[in-house]
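Undergrad: Handing over input06.txt, compact mmCIF, C-alpha atoms (C1' of nucleotides) and all ligand atoms.
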```
# COMPACT_ATOMS: atom_id res chain seq x y z
CA MET A 1 -11.51 7.57 7.78
CA ILE A 2 -11.37 6.23 11.32
CA ALA A 3 -8.18 4.45 12.24
CA PRO A 4 -8.43 0.82 13.29
CA ALA A 5 -5.64 -0.78 15.29
CA LEU A 6 -2.42 -0.65 13.35
CA THR A 7 -0.80 -3.80 12.05
CA LYS A 8 2.74 -4.66 13.00
CA ASN A 9 4.28 -3.12 9.89
CA GLN A 10 2.12 -0.03 10.12
CA SER A 11 3.14 0.46 13.75
CA LEU A 12 6.80 0.06 12.98
CA VAL A 13 6.67 2.61 10.18
CA PHE A 14 4.58 5.02 12.22
CA ASP A 15 6.94 4.79 15.18
CA VAL A 16 9.93 5.54 13.03
CA LEU A 17 8.24 8.63 11.60
CA ASN A 18 6.91 9.70 14.96
CA ARG A 19 10.34 9.60 16.55
CA SER A 20 12.00 11.44 13.70
CA ASP A 21 12.43 15.18 13.94
CA ALA A 22 12.59 15.54 10.17
CA PRO A 23 10.74 14.13 7.18
CA MET A 24 11.89 10.72 5.99
CA SER A 25 11.84 9.12 2.57
CA ALA A 26 10.38 5.66 2.14
CA TYR A 27 13.82 4.23 1.50
CA THR A 28 15.28 5.82 4.60
CA ILE A 29 12.47 4.28 6.60
CA LEU A 30 13.22 0.97 4.96
CA ASP A 31 16.85 1.15 6.01
CA ARG A 32 15.81 2.03 9.53
CA LEU A 33 13.65 -1.08 9.69
CA ARG A 34 15.98 -3.68 8.20
CA ASP A 35 16.69 -4.97 11.69
CA GLN A 36 12.97 -5.54 12.25
CA GLY A 37 12.79 -7.73 9.18
CA PHE A 38 11.93 -5.24 6.46
CA ARG A 39 13.47 -6.20 3.15
CA ALA A 40 11.57 -4.48 0.34
CA PRO A 41 10.23 -1.01 -0.48
CA LEU A 42 6.69 -2.29 -0.81
CA GLN A 43 6.56 -3.20 2.85
CA VAL A 44 7.14 0.46 3.60
CA TYR A 45 4.91 1.89 0.89
CA ARG A 46 1.98 -0.31 1.84
CA ALA A 47 2.21 0.82 5.43
CA LEU A 48 2.60 4.45 4.38
CA ASP A 49 -0.51 4.22 2.20
CA LYS A 50 -2.59 3.05 5.11
CA LEU A 51 -1.16 5.61 7.50
CA LEU A 52 -1.95 8.35 4.99
CA GLU A 53 -5.46 6.97 4.66
CA PHE A 54 -5.87 7.09 8.45
CA GLY A 55 -4.57 10.64 8.54
CA LEU A 56 -1.73 9.70 10.87
CA ILE A 57 0.98 10.92 8.56
CA HIS A 58 1.41 13.36 5.70
CA ARG A 59 3.32 13.23 2.48
CA LEU A 60 5.47 16.26 1.64
CA GLU A 61 5.22 16.54 -2.13
CA SER A 62 8.15 18.87 -2.53
CA LEU A 63 10.45 16.43 -0.74
CA ASN A 64 9.07 13.02 -1.67
CA ALA A 65 9.09 12.36 2.02
CA PHE A 66 6.76 11.68 4.91
CA VAL A 67 6.12 13.11 8.38
CA ALA A 68 3.98 12.10 11.32
CA CYS A 69 0.95 14.34 11.72
CA SER A 70 1.37 17.04 14.31
CA HIS A 71 -1.99 18.57 13.64
CA ALA A 72 -2.95 20.48 16.78
CA GLN A 73 -6.21 19.15 18.14
CA SER A 74 -7.24 22.72 18.84
CA ASP A 75 -7.55 23.56 15.17
CA CYS A 76 -10.79 25.23 14.36
CA CYS A 77 -12.63 23.65 11.48
CA SER A 78 -11.62 20.08 12.10
CA LYS A 79 -14.18 18.17 10.21
CA GLY A 80 -11.83 15.28 9.75
CA HIS A 81 -8.51 16.76 8.75
CA GLY A 82 -8.86 20.09 6.99
CA THR A 83 -6.29 21.50 4.64
CA VAL A 84 -3.00 21.99 6.38
CA ALA A 85 0.14 23.82 5.42
CA PHE A 86 3.75 22.91 6.10
CA ALA A 87 6.73 25.15 6.74
CA ILE A 88 9.84 23.16 5.96
CA CYS A 89 13.28 24.29 7.06
CA GLU A 90 15.83 23.52 4.37
CA SER A 91 18.64 23.73 6.87
CA CYS A 92 17.61 21.61 9.85
CA GLY A 93 14.70 19.77 8.27
CA HIS A 94 12.21 20.77 10.90
CA VAL A 95 8.60 20.83 9.73
CA SER A 96 5.81 22.93 11.20
CA GLU A 97 2.31 21.79 10.36
CA PHE A 98 -0.45 24.34 10.72
CA HIS A 99 -3.96 25.09 9.64
CA ASP A 100 -4.97 28.51 8.43
CA HIS A 101 -8.66 29.02 8.24
CA ALA A 102 -8.41 32.09 6.04
CA VAL A 103 -6.14 30.46 3.49
CA ASP A 104 -8.31 27.38 3.36
CA HIS A 105 -11.46 29.41 2.77
CA ARG A 106 -9.83 31.70 0.31
CA LEU A 107 -8.72 28.81 -1.87
CA GLY A 108 -12.13 27.23 -1.41
CA ASP A 109 -13.77 30.42 -2.63
CA TRP A 110 -11.57 30.52 -5.70
CA ALA A 111 -12.52 26.93 -6.46
CA LYS A 112 -16.20 27.55 -5.98
CA GLN A 113 -16.09 30.57 -8.22
CA LYS A 114 -14.34 28.57 -10.95
CA GLY A 115 -16.47 25.48 -10.54
CA PHE A 116 -13.39 23.50 -9.57
CA LYS A 117 -13.97 20.58 -7.18
CA PRO A 118 -10.93 20.25 -4.90
CA ALA A 119 -9.91 16.79 -3.77
CA LYS A 120 -6.61 17.44 -2.05
CA THR A 121 -4.68 20.62 -1.45
CA THR A 122 -0.95 20.87 -0.94
CA ILE A 123 0.64 23.90 0.72
CA GLU A 124 4.35 23.76 1.44
CA ILE A 125 6.62 26.65 2.34
CA ARG A 126 10.31 25.90 1.98
CA GLY A 127 12.73 28.21 3.72
CA LEU A 128 14.60 28.68 6.99
CA CYS A 129 13.12 28.23 10.44
CA SER A 130 13.66 30.89 13.06
CA ALA A 131 16.53 28.98 14.64
CA CYS A 132 18.37 28.50 11.36
CA ALA A 133 17.67 31.98 9.98
CA ALA A 134 19.22 33.67 12.98
CA MET B 1 16.14 36.85 -12.93
CA ILE B 2 15.79 38.42 -16.34
CA ALA B 3 15.62 35.99 -19.22
CA PRO B 4 18.33 36.19 -21.87
CA ALA B 5 17.76 34.67 -25.29
CA LEU B 6 17.09 31.00 -25.00
CA THR B 7 19.53 28.45 -26.32
CA LYS B 8 18.43 25.90 -28.85
CA ASN B 9 17.73 23.20 -26.29
CA GLN B 10 15.95 25.60 -23.99
CA SER B 11 13.75 26.78 -26.85
CA LEU B 12 12.87 23.27 -27.88
CA VAL B 13 11.88 22.28 -24.36
CA PHE B 14 9.96 25.49 -23.79
CA ASP B 15 8.06 25.10 -27.06
CA VAL B 16 7.02 21.58 -26.18
CA LEU B 17 5.71 22.73 -22.82
CA ASN B 18 4.09 25.79 -24.25
CA ARG B 19 2.15 23.79 -26.80
CA SER B 20 1.02 21.18 -24.31
CA ASP B 21 -2.35 21.58 -22.67
CA ALA B 22 -1.27 19.47 -19.72
CA PRO B 23 1.80 19.15 -17.50
CA MET B 24 4.61 17.02 -18.87
CA SER B 25 7.27 14.98 -17.13
CA ALA B 26 10.90 15.42 -18.10
CA TYR B 27 10.93 12.00 -19.69
CA THR B 28 7.83 12.68 -21.72
CA ILE B 29 9.47 15.84 -22.99
CA LEU B 30 12.55 13.82 -23.82
CA ASP B 31 10.51 11.39 -25.90
CA ARG B 32 8.86 14.29 -27.68
CA LEU B 33 12.26 15.66 -28.64
CA ARG B 34 14.04 12.52 -29.79
CA ASP B 35 13.49 13.57 -33.37
CA GLN B 36 15.25 16.86 -32.68
CA GLY B 37 18.33 15.02 -31.48
CA PHE B 38 17.65 14.67 -27.77
CA ARG B 39 19.07 11.47 -26.38
CA ALA B 40 19.52 11.83 -22.62
CA PRO B 41 17.50 13.08 -19.63
CA LEU B 42 20.15 15.64 -18.73
CA GLN B 43 19.53 17.52 -21.91
CA VAL B 44 15.98 18.05 -20.73
CA TYR B 45 16.75 18.66 -17.07
CA ARG B 46 19.39 21.24 -17.84
CA ALA B 47 16.99 23.16 -20.03
CA LEU B 48 14.22 22.85 -17.44
CA ASP B 49 16.51 24.22 -14.72
CA LYS B 50 17.22 27.31 -16.75
CA LEU B 51 13.61 27.83 -17.73
CA LEU B 52 12.61 27.57 -14.07
CA GLU B 53 15.29 30.09 -13.23
CA PHE B 54 13.92 32.46 -15.86
CA GLY B 55 10.40 32.02 -14.51
CA LEU B 56 9.15 30.75 -17.86
CA ILE B 57 7.91 27.47 -16.50
CA HIS B 58 6.81 25.97 -13.22
CA ARG B 59 7.36 22.64 -11.60
CA LEU B 60 4.30 20.91 -10.17
CA GLU B 61 5.60 19.15 -7.10
CA SER B 62 2.63 16.87 -6.66
CA LEU B 63 3.03 15.54 -10.20
CA ASN B 64 6.77 15.63 -10.78
CA ALA B 65 5.91 17.48 -13.94
CA PHE B 66 6.33 20.85 -15.58
CA VAL B 67 4.07 23.47 -17.17
CA ALA B 68 4.66 26.65 -19.08
CA CYS B 69 3.89 29.74 -17.03
CA SER B 70 0.46 31.21 -17.69
CA HIS B 71 0.84 33.87 -15.08
CA ALA B 72 -1.52 36.68 -16.04
CA GLN B 73 0.39 39.87 -16.53
CA SER B 74 -2.41 41.70 -14.72
CA ASP B 75 -1.55 40.11 -11.41
CA CYS B 76 -1.29 42.64 -8.68
CA CYS B 77 1.85 42.32 -6.64
CA SER B 78 4.14 41.22 -9.40
CA LYS B 79 7.52 42.02 -8.05
CA GLY B 80 9.11 39.38 -10.14
CA HIS B 81 6.89 36.34 -9.88
CA GLY B 82 4.95 36.25 -6.63
CA THR B 83 3.62 33.08 -5.11
CA VAL B 84 1.19 31.38 -7.41
CA ALA B 85 -1.24 28.54 -6.92
CA PHE B 86 -2.23 25.78 -9.29
CA ALA B 87 -5.54 24.02 -9.71
CA ILE B 88 -4.86 20.70 -11.38
CA CYS B 89 -7.63 18.63 -12.93
CA GLU B 90 -7.01 14.95 -12.30
CA SER B 91 -9.27 14.00 -15.15
CA CYS B 92 -8.24 16.13 -18.13
CA GLY B 93 -4.93 17.37 -16.81
CA HIS B 94 -5.75 21.02 -17.29
CA VAL B 95 -3.87 23.38 -14.99
CA SER B 96 -5.04 26.82 -13.90
CA GLU B 97 -2.34 29.09 -12.54
CA PHE B 98 -3.46 31.96 -10.39
CA HIS B 99 -2.22 34.41 -7.84
CA ASP B 100 -4.16 35.15 -4.69
CA HIS B 101 -3.00 38.19 -2.86
CA ALA B 102 -4.82 37.28 0.35
CA VAL B 103 -3.42 33.78 0.51
CA ASP B 104 0.05 35.02 -0.20
CA HIS B 105 -0.10 37.64 2.52
CA ARG B 106 -1.72 35.32 4.99
CA LEU B 107 1.06 32.77 4.64
CA GLY B 108 3.60 35.58 4.77
CA ASP B 109 2.08 36.79 8.03
CA TRP B 110 2.28 33.34 9.52
CA ALA B 111 5.93 33.13 8.54
CA LYS B 112 6.74 36.55 9.94
CA GLN B 113 5.04 35.71 13.19
CA LYS B 114 7.03 32.50 13.51
CA GLY B 115 10.31 33.97 12.36
CA PHE B 116 10.32 31.64 9.37
CA LYS B 117 12.06 32.93 6.22
CA PRO B 118 10.21 31.60 3.16
CA ALA B 119 12.23 30.81 0.06
CA LYS B 120 9.67 29.11 -2.15
CA THR B 121 6.02 28.33 -1.62
CA THR B 122 4.09 25.56 -3.29
CA ILE B 123 0.29 25.62 -3.52
CA GLU B 124 -1.38 22.92 -5.57
CA ILE B 125 -5.05 21.99 -5.57
CA ARG B 126 -5.80 18.62 -7.09
CA GLY B 127 -9.36 17.93 -8.11
CA LEU B 128 -11.77 18.20 -11.01
CA CYS B 129 -12.13 21.20 -13.27
CA SER B 130 -15.55 22.60 -14.04
CA ALA B 131 -15.76 20.77 -17.36
CA CYS B 132 -14.85 17.40 -15.86
CA ALA B 133 -16.90 17.78 -12.68
CA ALA B 134 -20.10 18.41 -14.62
C1' DT C 1 47.22 33.87 -25.09
C1' DG C 2 45.23 32.18 -21.12
C1' DA C 3 41.53 32.03 -17.71
C1' DC C 4 36.93 31.71 -17.18
C1' DA C 5 32.02 30.87 -17.85
C1' DC C 6 28.57 28.34 -20.01
C1' DA C 7 26.13 25.27 -22.95
C1' DC C 8 26.31 20.73 -24.60
C1' DG C 9 26.77 15.40 -25.17
C1' DT C 10 27.43 10.89 -23.05
C1' DT C 11 27.65 7.20 -19.70
C1' DA C 12 26.66 5.65 -15.48
C1' DT C 13 24.38 5.77 -11.21
C1' DA C 14 21.23 7.13 -7.51
C1' DG C 15 16.61 7.74 -5.62
C1' DC C 16 11.53 7.13 -5.68
C1' DA C 17 7.47 4.16 -6.68
C1' DT C 18 4.60 0.36 -8.44
C1' DA C 19 3.23 -4.19 -11.03
C1' DA C 20 2.41 -8.86 -10.50
C1' DC C 21 2.62 -13.10 -8.28
C1' DG C 22 1.53 -16.15 -4.45
C1' DC C 23 0.60 -17.21 0.48
C1' DA C 24 -1.60 -16.71 5.08
C1' DA C 25 -4.95 -14.94 8.33
C1' DT C 26 -9.52 -12.85 9.17
C1' DT C 27 -14.17 -12.15 8.64
C1' DG C 28 -18.81 -12.98 7.64
C1' DA C 29 -22.17 -15.05 5.36
C1' DT C 30 -24.54 -19.49 4.01
C1' DA D 1 -18.24 -26.18 9.24
C1' DT D 2 -17.34 -24.16 4.80
C1' DC D 3 -16.87 -21.20 1.26
C1' DA D 4 -15.91 -16.56 -0.54
C1' DA D 5 -14.20 -12.10 0.05
C1' DT D 6 -10.99 -9.06 2.17
C1' DT D 7 -6.83 -7.73 3.94
C1' DG D 8 -2.12 -7.97 5.09
C1' DC D 9 2.25 -9.81 3.97
C1' DG D 10 6.70 -11.23 1.38
C1' DT D 11 9.31 -11.44 -2.89
C1' DT D 12 10.99 -10.42 -7.49
C1' DA D 13 11.10 -7.59 -11.08
C1' DT D 14 10.39 -3.36 -13.30
C1' DG D 15 9.49 1.48 -14.28
C1' DC D 16 9.83 6.42 -13.50
C1' DT D 17 12.41 10.52 -11.76
C1' DA D 18 16.79 12.92 -11.09
C1' DT D 19 21.76 13.70 -10.68
C1' DA D 20 27.04 12.68 -10.69
C1' DA D 21 31.04 12.81 -13.26
C1' DC D 22 33.64 13.36 -17.27
C1' DG D 23 34.94 15.50 -21.50
C1' DT D 24 34.13 18.84 -25.60
C1' DG D 25 33.38 23.11 -27.87
C1' DT D 26 32.60 28.14 -27.89
C1' DG D 27 32.54 32.83 -26.67
C1' DT D 28 34.25 36.61 -23.50
C1' DC D 29 37.47 39.32 -21.50
C1' DA D 30 41.62 40.55 -19.35
ZN ZN E 201 -1.91 16.56 10.21
ZN ZN E 202 15.90 25.07 10.75
ZN ZN E 203 3.78 31.66 -13.62
ZN ZN E 204 -10.77 18.56 -16.29
```
Step by step, read the file and then write its structure as structure tokens.
Ligand SMILES: [Zn+2]
Ligand SMILES: [Zn+2]
Ligand SMILES: [Zn+2]
Ligand SMILES: [Zn+2]

TA:
Amino acid sequence: MIAPALTKNQSLVFDVLNRSDAPMSAYTILDRLRDQGFRAPLQVYRALDKLLEFGLIHRLESLNAFVACSHAQSDCCSKGHGTVAFAICESCGHVSEFHDHAVDHRLGDWAKQKGFKPAKTTIEIRGLCSACAA
Amino acid sequence: MIAPALTKNQSLVFDVLNRSDAPMSAYTILDRLRDQGFRAPLQVYRALDKLLEFGLIHRLESLNAFVACSHAQSDCCSKGHGTVAFAICESCGHVSEFHDHAVDHRLGDWAKQKGFKPAKTTIEIRGLCSACAA
DNA sequence: TGACACACGTTATAGCATAACGCAATTGAT
DNA sequence: ATCAATTGCGTTATGCTATAACGTGTGTCA
């Protein structure tokens, strides 16, 4: 999915997420955008859906929250946006997004061996970041 | 966490999950147990919390649903209940729970290298099982 | 006996997500 | 130019997921 120019609502939502240093729920985003004319959850969810489709943001399933993509361009097997993993600090909220080739392949091998056809893979590690664990 | 004898409510909830061949939401479990006297979500959630604590069930974060543990006893590094992964069929709902030593260690290595202290790791592969993909 | 822990039941509330309707702007044929 | 299809947008209403707060009963252990 190649990203066309963002609409006004999509830009507003993306900017909010991009400036945040922690994941945000749809309703928190909504509150942050009331001043820009947002009134209803759907305005946020529709923008989030598109941003997910464009690969500009990610949904953290274990938090019901969203983060801007910080996928390093240098990642190896970037045909599109390979499987990524997230390390989520439960103290400060910081999220590290990373790609691990070995993990990706290993899970892929398991799937192939079982005849399972993966569509989307979620990997989320909850814990304490180095700063908070110290 | 060693599991003591289950209370009545815990047993009822566990049995429902154990008999199901697909993940169930808390509210679906509630509906299934109305005849046994369940009236409110908390009765289910409290039982689920304990069952999770005992390691008898798992929560699937990407579905907001729960499954009975089918952790094979043969799994290698079973100090307690190591990190497991789930392959979830989006067509028939079947869930395969498995442990992959290599994946577990690989993520652990990443964490160690970054100084991140993992508390709980979620790995969920959504897709089509072999039967449904055919 | 009293203090505590724990399971339980109930009511109310909070938090996350989508259905369904209608309108406006864009695009791309015909 | 005009029609049809697509897409985005705004609004209202609703549904699904989860927890707060309060009180009751029961068993354990000084
Ligand atoms: Zn990314
Ligand atoms: Zn932290
Ligand atoms: Zn298990
Ligand atoms: Zn299937």

Undergrad: Fewer than 4 positions away in the same chain doesn't count, so skip those; otherwise give me all residues within 10 Å of stretch 5-14 of chain D, counting only C-alpha atoms (C1' of nucleotides), as a list in words.

TA: Thr7, Lys8, Asn9, Phe38, Arg39, Ala40, Leu42, Gln43, Arg46 and Ala47 of chain A; DT18, DA19, DA20, DC21, DG22, DC23, DA24, DA25, DT26, DT27 and DG28 of chain C

Undergrad: Could you write out the selected residues, including C-alpha atoms (C1' of nucleotides), as a JSON list (two decimals), in the frame of the given file?

TA:
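Heads up, here's the output in out-v6.json:
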```
[["chain", "number", "residue", "atom", "x", "y", "z"],
["A", 7, "THR", "CA", -0.80, -3.80, 12.05],
["A", 8, "LYS", "CA", 2.74, -4.66, 13.00],
["A", 9, "ASN", "CA", 4.28, -3.12, 9.89],
["A", 38, "PHE", "CA", 11.93, -5.24, 6.46],
["A", 39, "ARG", "CA", 13.47, -6.20, 3.15],
["A", 40, "ALA", "CA", 11.57, -4.48, 0.34],
["A", 42, "LEU", "CA", 6.69, -2.29, -0.81],
["A", 43, "GLN", "CA", 6.56, -3.20, 2.85],
["A", 46, "ARG", "CA", 1.98, -0.31, 1.84],
["A", 47, "ALA", "CA", 2.21, 0.82, 5.43],
["C", 18, "DT", "C1'", 4.60, 0.36, -8.44],
["C", 19, "DA", "C1'", 3.23, -4.19, -11.03],
["C", 20, "DA", "C1'", 2.41, -8.86, -10.50],
["C", 21, "DC", "C1'", 2.62, -13.10, -8.28],
["C", 22, "DG", "C1'", 1.53, -16.15, -4.45],
["C", 23, "DC", "C1'", 0.60, -17.21, 0.48],
["C", 24, "DA", "C1'", -1.60, -16.71, 5.08],
["C", 25, "DA", "C1'", -4.95, -14.94, 8.33],
["C", 26, "DT", "C1'", -9.52, -12.85, 9.17],
["C", 27, "DT", "C1'", -14.17, -12.15, 8.64],
["C", 28, "DG", "C1'", -18.81, -12.98, 7.64]]
```

Undergrad: Could the residues that lie within 6 Å of ligand ZN 203 (chain E), counting all atoms listed in the file, be listed as a JSON list (two decimals) with C-alpha atoms, in the coordinates of the input?

TA:
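As a result, part-v1.json now contains:
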```
[["chain", "number", "residue", "atom", "x", "y", "z"],
["B", 69, "CYS", "CA", 3.89, 29.74, -17.03],
["B", 70, "SER", "CA", 0.46, 31.21, -17.69],
["B", 71, "HIS", "CA", 0.84, 33.87, -15.08]]
```

Undergrad: Extract, using only C-alpha atoms (C1' of nucleotides), all DNA, RNA and protein residues at most 12 Å from C:DC6, discarding same-chain residues fewer than 3 positions from it, and format them as a PDB file with C-alpha atoms (C1' of nucleotides), keeping the file's coordinate frame.

TA:
```pdb
ATOM      1  CA  THR B   7      19.530  28.450 -26.320  1.00  0.00           C
ATOM      2  CA  ARG B  46      19.390  21.240 -17.840  1.00  0.00           C
ATOM      3  CA  LYS B  50      17.220  27.310 -16.750  1.00  0.00           C
TER       4      LYS B  50
ATOM      5  C1'  DG D  25      33.380  23.110 -27.870  1.00  0.00           C
ATOM      6  C1'  DT D  26      32.600  28.140 -27.890  1.00  0.00           C
ATOM      7  C1'  DG D  27      32.540  32.830 -26.670  1.00  0.00           C
ATOM      8  C1'  DT D  28      34.250  36.610 -23.500  1.00  0.00           C
TER       9       DT D  28
END
```

Undergrad: Between atom CA of B:Cys92 and atom CA of A:Phe86, what is the spacing in Å?

TA: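 Those two atoms sit 27.9 Å apart.
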
Undergrad: As an exercise, work out the distance from atom CA of B:Phe66 to atom CA of B:Ala22 in Å and give it to one decimal place.

TA: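 Atom-to-atom, atom CA of B:Phe66 to atom CA of B:Ala22, that is 8.8 Å.
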
Undergrad: Do you know which residues are at most 10 Å from C:DC16 counting all atoms listed in the file, after dropping those on the same chain fewer than 6 positions away, and could you put them as a PyMOL selection string?

TA: (chain A and resi 25-27+41+64-65) or (chain D and resi 16-18)

Undergrad: Take the residues that were just selected and, keeping C-alpha atoms (C1' of nucleotides), output them as a tab-separated table (two decimals), in the frame of the given file.

TA:
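The resulting result-v2.tsv:
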```tsv
chain	number	residue	atom	x	y	z
A	25	SER	CA	11.84	9.12	2.57
A	26	ALA	CA	10.38	5.66	2.14
A	27	TYR	CA	13.82	4.23	1.50
A	41	PRO	CA	10.23	-1.01	-0.48
A	64	ASN	CA	9.07	13.02	-1.67
A	65	ALA	CA	9.09	12.36	2.02
D	16	DC	C1'	9.83	6.42	-13.50
D	17	DT	C1'	12.41	10.52	-11.76
D	18	DA	C1'	16.79	12.92	-11.09
```

Undergrad: For ligand ZN 201 (chain E), which residue out of A:Leu63, A:Ala102, A:Leu52, A:Ala111 is the nearest one, using all atoms listed in the file?

TA: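 Closest to ligand ZN 201 (chain E), using all atoms listed in the file: A:Leu52.
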
Undergrad: Please list, as a list in words, the residues that have an atom at most 12 Å away from (-1.7, 37.0, 4.0) in the coordinates of this file, counting all atoms listed in the file.

TA: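 Using all atoms listed in the file, the matching residues come out as Asp100, His101, Ala102, Val103, Asp104 and Arg106 of chain A; Thr83, Asp100, His101, Ala102, Val103, Asp104, His105, Arg106, Leu107, Gly108, Asp109, Trp110, Ala111, Lys112 and Gln113 of chain B.
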
Undergrad: Give the residues close to ligand ZN 202 (chain E), within 7 Å, counting only C-alpha atoms (C1' of nucleotides) and all ligand atoms; write them as a list in words.

TA: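 Within the 7 Å cut-off, the matching residues are Cys89, Glu90, Ser91, Cys92, Gly93, His94, Leu128, Cys129, Ser130, Ala131 and Cys132 of chain A.
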
Undergrad: Please indicate the distance in Å from atom CA of B:Leu33 to atom CA of B:Leu56, rounded to one decimal place.

TA: 18.8 Å

Undergrad: Measuring between all atoms listed in the file, which one of A:Lys117, A:Arg32, A:His58, A:Arg19 shows the shortest distance to ligand ZN 201 (chain E)?

TA: A:His58

Undergrad: Which residue is closest to chain B? Choose from D:DG23, D:DC29, D:DA4, D:DG15 and count all atoms listed in the file.

TA: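 That would be D:DG15, the residue with the smallest distance to chain B.
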
Undergrad: Calculate, to one decimal in Å, the centre and edge lengths of the box along x, y and z of the file that holds all listed atoms of stretch 36-49 of chain A with 5 Å of margin on each side, and present them as JSON.

TA:
```
{"center_x": 6.5, "center_y": -1.6, "center_z": 5.7, "size_x": 24.0, "size_y": 22.2, "size_z": 23.1}
```

Undergrad: Quick one: of A:Ala134, A:Ile125, A:Ala5, A:Val95, who's nearest to chain B, counting all atoms listed in the file?

TA: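 The shortest atom-to-atom distance to chain B comes from A:Ile125.
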
Undergrad: Do a neighbour search on B:Ala68 at 6 Å with only C-alpha atoms (C1' of nucleotides), toss out local chain neighbours closer than 2 positions, and write the hits as a list in words.

TA: Leu17, Asn18 and Ile57 of chain B

Undergrad: Here is a test: counting all atoms listed in the file, which residue of B:His99, B:Arg59, B:Lys114, B:Arg126 is nearest to ligand ZN 204 (chain E)?

TA: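 Among the listed residues, B:Arg126 lies closest to ligand ZN 204 (chain E).
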
Undergrad: Please determine, counting all atoms listed in the file, which residue among A:Val44, A:Val16, A:Ile88, A:Ala119 has the shortest atom-to-atom distance to chain C.

TA: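 Nearest to chain C: A:Val44.
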